[in-house]
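Participant: Okay, so here is entry_4.pdb, and as you'll see once you scroll down, it has PDB, C-alpha atoms and all ligand atoms.
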```pdb
MODEL        1
ATOM      1  CA  MET A   1       9.797 114.910  45.220
ATOM      2  CA  ALA A   2      13.387 114.902  43.965
ATOM      3  CA  GLU A   3      14.764 111.613  42.677
ATOM      4  CA  THR A   4      18.397 112.231  43.557
ATOM      5  CA  LEU A   5      20.253 114.031  46.335
ATOM      6  CA  GLN A   6      21.787 116.296  43.717
ATOM      7  CA  GLU A   7      18.341 117.359  42.513
ATOM      8  CA  LEU A   8      17.149 117.824  46.100
ATOM      9  CA  ALA A   9      20.168 120.026  46.875
ATOM     10  CA  ARG A  10      19.413 122.139  43.803
ATOM     11  CA  LEU A  11      15.803 122.624  44.907
ATOM     12  CA  ALA A  12      16.815 123.380  48.506
ATOM     13  CA  SER A  13      19.349 126.006  47.400
ATOM     14  CA  GLY A  14      16.521 128.436  46.637
ATOM     15  CA  CYS A  15      14.449 127.682  49.742
ATOM     16  CA  THR A  16      12.433 130.513  51.284
ATOM     17  CA  ARG A  17      10.336 128.425  53.684
ATOM     18  CA  CYS A  18      11.510 130.296  56.784
ATOM     19  CA  PRO A  19      12.986 133.702  57.687
ATOM     20  CA  LEU A  20      16.550 132.302  57.825
ATOM     21  CA  ALA A  21      16.469 132.652  54.023
ATOM     22  CA  GLN A  22      16.878 136.410  54.555
ATOM     23  CA  THR A  23      19.937 136.224  56.812
ATOM     24  CA  ARG A  24      21.871 133.255  55.375
ATOM     25  CA  THR A  25      24.660 133.613  52.828
ATOM     26  CA  GLN A  26      23.727 130.287  51.284
ATOM     27  CA  VAL A  27      21.918 127.018  51.993
ATOM     28  CA  VAL A  28      24.280 124.441  53.535
ATOM     29  CA  PHE A  29      22.987 121.109  52.233
ATOM     30  CA  SER A  30      25.683 118.489  52.864
ATOM     31  CA  ARG A  31      29.226 117.417  52.296
ATOM     32  CA  GLY A  32      30.797 114.058  51.569
ATOM     33  CA  ASN A  33      29.801 110.884  49.806
ATOM     34  CA  ALA A  34      26.142 110.584  48.781
ATOM     35  CA  ASP A  35      26.556 106.782  48.485
ATOM     36  CA  ALA A  36      27.892 106.433  52.023
ATOM     37  CA  ASP A  37      26.376 104.085  54.608
ATOM     38  CA  LEU A  38      27.457 106.462  57.377
ATOM     39  CA  VAL A  39      26.003 109.925  58.008
ATOM     40  CA  PHE A  40      26.811 112.465  60.715
ATOM     41  CA  ILE A  41      24.058 114.892  61.674
ATOM     42  CA  GLY A  42      24.863 118.148  63.460
ATOM     43  CA  GLU A  43      22.731 121.028  64.612
ATOM     44  CA  ALA A  44      22.948 123.938  62.165
ATOM     45  CA  PRO A  45      25.542 125.719  60.023
ATOM     46  CA  GLY A  46      27.835 128.185  61.798
ATOM     47  CA  ALA A  47      29.667 131.155  60.315
ATOM     48  CA  ASP A  48      32.314 129.097  58.480
ATOM     49  CA  GLU A  49      29.690 126.798  57.006
ATOM     50  CA  ASP A  50      27.471 129.714  55.949
ATOM     51  CA  ALA A  51      30.475 131.263  54.171
ATOM     52  CA  GLN A  52      31.728 128.060  52.525
ATOM     53  CA  GLY A  53      28.420 126.284  51.828
ATOM     54  CA  GLN A  54      29.374 122.975  53.470
ATOM     55  CA  PRO A  55      28.642 121.587  56.961
ATOM     56  CA  PHE A  56      31.384 121.124  59.545
ATOM     57  CA  VAL A  57      34.234 122.917  57.811
ATOM     58  CA  GLY A  58      35.498 124.847  60.871
ATOM     59  CA  ARG A  59      37.394 123.608  63.942
ATOM     60  CA  SER A  60      34.590 121.215  64.928
ATOM     61  CA  GLY A  61      34.639 119.694  61.466
ATOM     62  CA  GLN A  62      38.403 119.264  61.541
ATOM     63  CA  LEU A  63      38.125 117.382  64.827
ATOM     64  CA  LEU A  64      35.284 115.256  63.460
ATOM     65  CA  ASP A  65      37.309 114.319  60.367
ATOM     66  CA  LYS A  66      40.361 113.475  62.492
ATOM     67  CA  LEU A  67      38.443 111.261  64.944
ATOM     68  CA  VAL A  68      36.568 109.464  62.154
ATOM     69  CA  ALA A  69      39.852 108.772  60.359
ATOM     70  CA  GLU A  70      41.477 107.485  63.550
ATOM     71  CA  GLU A  71      38.587 105.407  64.932
ATOM     72  CA  ILE A  72      36.705 104.269  61.810
ATOM     73  CA  GLY A  73      39.469 104.496  59.238
ATOM     74  CA  LEU A  74      37.424 106.589  56.782
ATOM     75  CA  ASP A  75      38.592 109.832  55.217
ATOM     76  CA  ARG A  76      36.275 112.827  54.848
ATOM     77  CA  ASP A  77      35.201 111.892  51.321
ATOM     78  CA  ALA A  78      33.967 108.466  52.443
ATOM     79  CA  PHE A  79      31.083 109.582  54.679
ATOM     80  CA  TYR A  80      28.197 112.079  54.534
ATOM     81  CA  VAL A  81      27.577 115.092  56.783
ATOM     82  CA  MET A  82      24.423 117.187  57.230
ATOM     83  CA  ASN A  83      22.581 119.250  59.841
ATOM     84  CA  THR A  84      19.067 119.339  61.303
ATOM     85  CA  ILE A  85      18.532 122.640  59.483
ATOM     86  CA  LYS A  86      20.195 124.004  56.371
ATOM     87  CA  CYS A  87      20.594 127.711  57.099
ATOM     88  CA  ARG A  88      22.644 129.491  59.745
ATOM     89  CA  PRO A  89      20.651 130.887  62.661
ATOM     90  CA  PRO A  90      21.924 134.430  63.352
ATOM     91  CA  GLY A  91      24.509 134.516  66.142
ATOM     92  CA  ASN A  92      24.575 130.685  66.188
ATOM     93  CA  ARG A  93      21.483 130.497  68.394
ATOM     94  CA  ASP A  94      19.589 127.181  68.546
ATOM     95  CA  PRO A  95      17.204 126.563  65.657
ATOM     96  CA  LYS A  96      13.623 127.555  66.510
ATOM     97  CA  PRO A  97      10.853 124.919  66.400
ATOM     98  CA  GLU A  98       9.230 126.634  63.413
ATOM     99  CA  GLU A  99      12.569 126.608  61.531
ATOM    100  CA  LEU A 100      12.928 122.876  62.172
ATOM    101  CA  THR A 101       9.391 122.309  60.960
ATOM    102  CA  ALA A 102       9.967 124.408  57.829
ATOM    103  CA  CYS A 103      13.195 122.536  57.075
ATOM    104  CA  SER A 104      11.960 119.031  57.844
ATOM    105  CA  PRO A 105      10.701 118.200  54.320
ATOM    106  CA  TRP A 106      14.286 118.714  53.066
ATOM    107  CA  PHE A 107      15.709 116.747  55.966
ATOM    108  CA  ASP A 108      13.249 113.862  55.566
ATOM    109  CA  GLN A 109      13.759 113.545  51.803
ATOM    110  CA  GLN A 110      17.519 113.775  52.212
ATOM    111  CA  LEU A 111      17.592 110.839  54.650
ATOM    112  CA  GLU A 112      15.107 108.912  52.520
ATOM    113  CA  LEU A 113      17.312 109.269  49.422
ATOM    114  CA  LEU A 114      20.512 108.568  51.351
ATOM    115  CA  ARG A 115      19.190 105.476  53.187
ATOM    116  CA  PRO A 116      22.213 105.222  55.508
ATOM    117  CA  LYS A 117      23.008 102.174  57.580
ATOM    118  CA  VAL A 118      24.398 104.213  60.489
ATOM    119  CA  ILE A 119      23.442 107.701  61.670
ATOM    120  CA  VAL A 120      25.680 109.408  64.226
ATOM    121  CA  THR A 121      24.001 112.412  65.833
ATOM    122  CA  LEU A 122      26.421 115.067  67.035
ATOM    123  CA  GLY A 123      25.418 116.658  70.322
ATOM    124  CA  ASN A 124      22.342 117.387  72.359
ATOM    125  CA  PHE A 125      20.344 119.253  69.806
ATOM    126  CA  ALA A 126      20.460 116.781  66.894
ATOM    127  CA  THR A 127      20.096 113.776  69.198
ATOM    128  CA  LYS A 128      17.041 115.118  71.004
ATOM    129  CA  ARG A 129      15.508 116.193  67.727
ATOM    130  CA  LEU A 130      15.857 112.805  66.023
ATOM    131  CA  LEU A 131      14.980 110.693  69.043
ATOM    132  CA  ALA A 132      12.137 113.073  69.985
ATOM    133  CA  THR A 133      13.153 113.122  73.640
ATOM    134  CA  THR A 134      14.061 115.716  76.248
ATOM    135  CA  ASP A 135      16.816 113.515  77.725
ATOM    136  CA  GLY A 136      20.307 114.979  77.332
ATOM    137  CA  ILE A 137      23.251 113.602  75.350
ATOM    138  CA  THR A 138      25.099 112.395  78.447
ATOM    139  CA  LYS A 139      22.198 110.076  79.220
ATOM    140  CA  LEU A 140      21.478 109.082  75.606
ATOM    141  CA  ARG A 141      24.987 108.280  74.399
ATOM    142  CA  GLY A 142      26.616 104.897  75.017
ATOM    143  CA  ARG A 143      24.033 102.818  73.172
ATOM    144  CA  ALA A 144      22.381 102.462  69.761
ATOM    145  CA  TYR A 145      18.795 103.174  68.734
ATOM    146  CA  PRO A 146      16.734 102.032  65.737
ATOM    147  CA  PHE A 147      15.780 105.012  63.562
ATOM    148  CA  ARG A 148      13.950 104.876  60.210
ATOM    149  CA  GLY A 149      15.596 101.630  59.178
ATOM    150  CA  ALA A 150      19.064 102.750  60.297
ATOM    151  CA  THR A 151      21.023 102.424  63.529
ATOM    152  CA  LEU A 152      21.354 105.754  65.348
ATOM    153  CA  ILE A 153      24.361 106.290  67.596
ATOM    154  CA  PRO A 154      24.406 109.519  69.598
ATOM    155  CA  THR A 155      27.654 111.198  70.546
ATOM    156  CA  PHE A 156      28.915 114.563  71.725
ATOM    157  CA  HIS A 157      29.147 117.564  69.458
ATOM    158  CA  PRO A 158      32.811 118.044  68.478
ATOM    159  CA  ALA A 159      32.598 121.653  69.748
ATOM    160  CA  ALA A 160      31.787 120.240  73.209
ATOM    161  CA  VAL A 161      34.745 117.861  72.918
ATOM    162  CA  LEU A 162      37.018 120.775  71.979
ATOM    163  CA  ARG A 163      35.853 122.567  75.132
ATOM    164  CA  GLY A 164      35.740 119.510  77.408
ATOM    165  CA  GLY A 165      38.993 117.739  76.542
ATOM    166  CA  GLY A 166      40.011 114.232  77.623
ATOM    167  CA  VAL A 167      36.879 112.571  79.010
ATOM    168  CA  PRO A 168      34.365 113.585  76.316
ATOM    169  CA  MET A 169      37.077 112.959  73.700
ATOM    170  CA  ALA A 170      37.495 109.374  74.926
ATOM    171  CA  GLN A 171      33.722 108.902  75.042
ATOM    172  CA  MET A 172      33.318 110.237  71.503
ATOM    173  CA  ARG A 173      36.064 107.870  70.321
ATOM    174  CA  ALA A 174      34.186 104.967  71.955
ATOM    175  CA  ASP A 175      30.948 106.035  70.230
ATOM    176  CA  LEU A 176      32.739 106.076  66.871
ATOM    177  CA  VAL A 177      34.051 102.566  67.505
ATOM    178  CA  ARG A 178      30.445 101.533  68.204
ATOM    179  CA  ALA A 179      29.416 103.124  64.880
ATOM    180  CA  LYS A 180      32.211 101.258  63.102
ATOM    181  CA  GLU A 181      31.055  97.939  64.559
ATOM    182  CA  VAL A 182      27.524  98.454  63.228
ATOM    183  CA  LEU A 183      28.790  99.813  59.907
ATOM    184  CA  PHE A 184      30.856  96.723  59.222
ATOM    185  CA  SER A 185      28.495  94.161  60.784
ATOM    186  CA  SER A 186      25.693  92.403  58.983
ATOM    187  CA  GLU A 187      23.371  92.542  61.983
ATOM    188  CA  GLY A 188      22.502  96.181  62.728
ATOM    189  CA  VAL A 189      21.099  97.624  65.894
ATOM    190  CA  GLU A 190      20.123  94.405  67.689
ATOM    191  CA  ALA A 191      23.795  93.580  68.112
ATOM    192  CA  LEU A 192      24.378  96.596  70.318
ATOM    193  CA  VAL A 193      21.241  97.637  72.152
TER     194      VAL A 193
HETATM  195  N1  LIG A 201      28.114 122.820  64.150
HETATM  196  C1  LIG A 201      27.060 122.141  63.635
HETATM  197  O1  LIG A 201      26.229 121.623  64.367
HETATM  198  N2  LIG A 201      26.997 122.036  62.318
HETATM  199  C2  LIG A 201      27.889 122.559  61.481
HETATM  200  O2  LIG A 201      27.746 122.397  60.276
HETATM  201  C3  LIG A 201      28.972 123.257  62.030
HETATM  202  C4  LIG A 201      29.068 123.382  63.373
ENDMDL
END
```
Taking this structure as input, can you express it in the form of structure tokens?
Ligand code: URA
Facilitator:
Amino acid sequence: MAETLQELARLASGCTRCPLAQTRTQVVFSRGNADADLVFIGEAPGADEDAQGQPFVGRSGQLLDKLVAEEIGLDRDAFYVMNTIKCRPPGNRDPKPEELTACSPWFDQQLELLRPKVIVTLGNFATKRLLATTDGITKLRGRAYPFRGATLIPTFHPAAVLRGGGVPMAQMRADLVRAKEVLFSSEGVEALV
């Protein structure tokens, strides 16, 4: 068990627990502030992330950073970003159940060391995975859920907002305002459920 996120990232960088180790360029562990109370969790690294070694560095990431700055007032160095799995699935397919299982010790330790106050899941995949449900994001978003001592707020994936335009954009902005309220309140999830 690593004692710091830095140590955990170093250990994860050599991971061979699943076949994605053979096709990835590098392990994509996280970006942002390891002391942050706010973490965003996406699905899996895409091509840009695989090349650069950080999550959400492409167009989706740029939109995420812009909306967080506008709605929460935090710049990209003030929050933490990670994915459900750390290596790019070829062709950007969904992660397979066995890849999620292989990656979950990294994921679990990462959240345990981070101990965030607010978790925002980005999109269907991450939200269903964390809440262990088959309900879709459209049904799940709009409220907060208790999750491992944190408050989990589901929202759309920024790639879906880029495709969908005005309505999902406004809904994602509202979800970020909800995250801000929990982040800066002393009460946590009970205030919003
Ligand atoms: N989409 C994700 O879900 N994660 C990334 O890191 C990039 C795009």
Participant: Rounded to one decimal in Å, what is the spacing between CA of Ile85 (chain A) and CA of Phe107 (chain A)?
Facilitator: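 It comes out at 7.4 Å.
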Participant: Could you write out as a list in words the residues that the PyMOL selection byres (((chain A and resi 121-132) around 7) and not hetatm) matches in the shown file?
Facilitator: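 Selected by the PyMOL selection byres (((chain A and resi 121-132) around 7) and not hetatm) in this file: Phe40, Ile41, Gly42, Glu43, Thr84, Ile119, Val120, Thr133, Thr134, Asp135, Gly136, Ile137, Ile153, Pro154, Thr155, Phe156 and His157 of chain A.
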Participant: What is the distance, in Å and to one decimal place, between atom C4 of ligand LIG 201 (chain A) and CA of Phe184 (chain A)?
Facilitator: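 CA of Phe184 (chain A) lies 27.0 Å from atom C4 of ligand LIG 201 (chain A).
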Participant: Please extract the residues at most 8 Å from ligand LIG 201 (chain A), counting all atoms listed in the file, and provide them as a PyMOL selection string, using the chain letters and residue numbers of this document.
Facilitator: chain A and resi 28+41-46+48-49+54-58+60-61+82-83+122-123+126+157-159
Participant: Please provide the set of residues having any atom within 6 Å of region 164-180 of chain A, restricted to all atoms listed in the file, with same-chain residues fewer than 2 positions apart removed, written as a PyMOL selection string.
Facilitator: chain A and resi 71-72+155+160-162+182-183
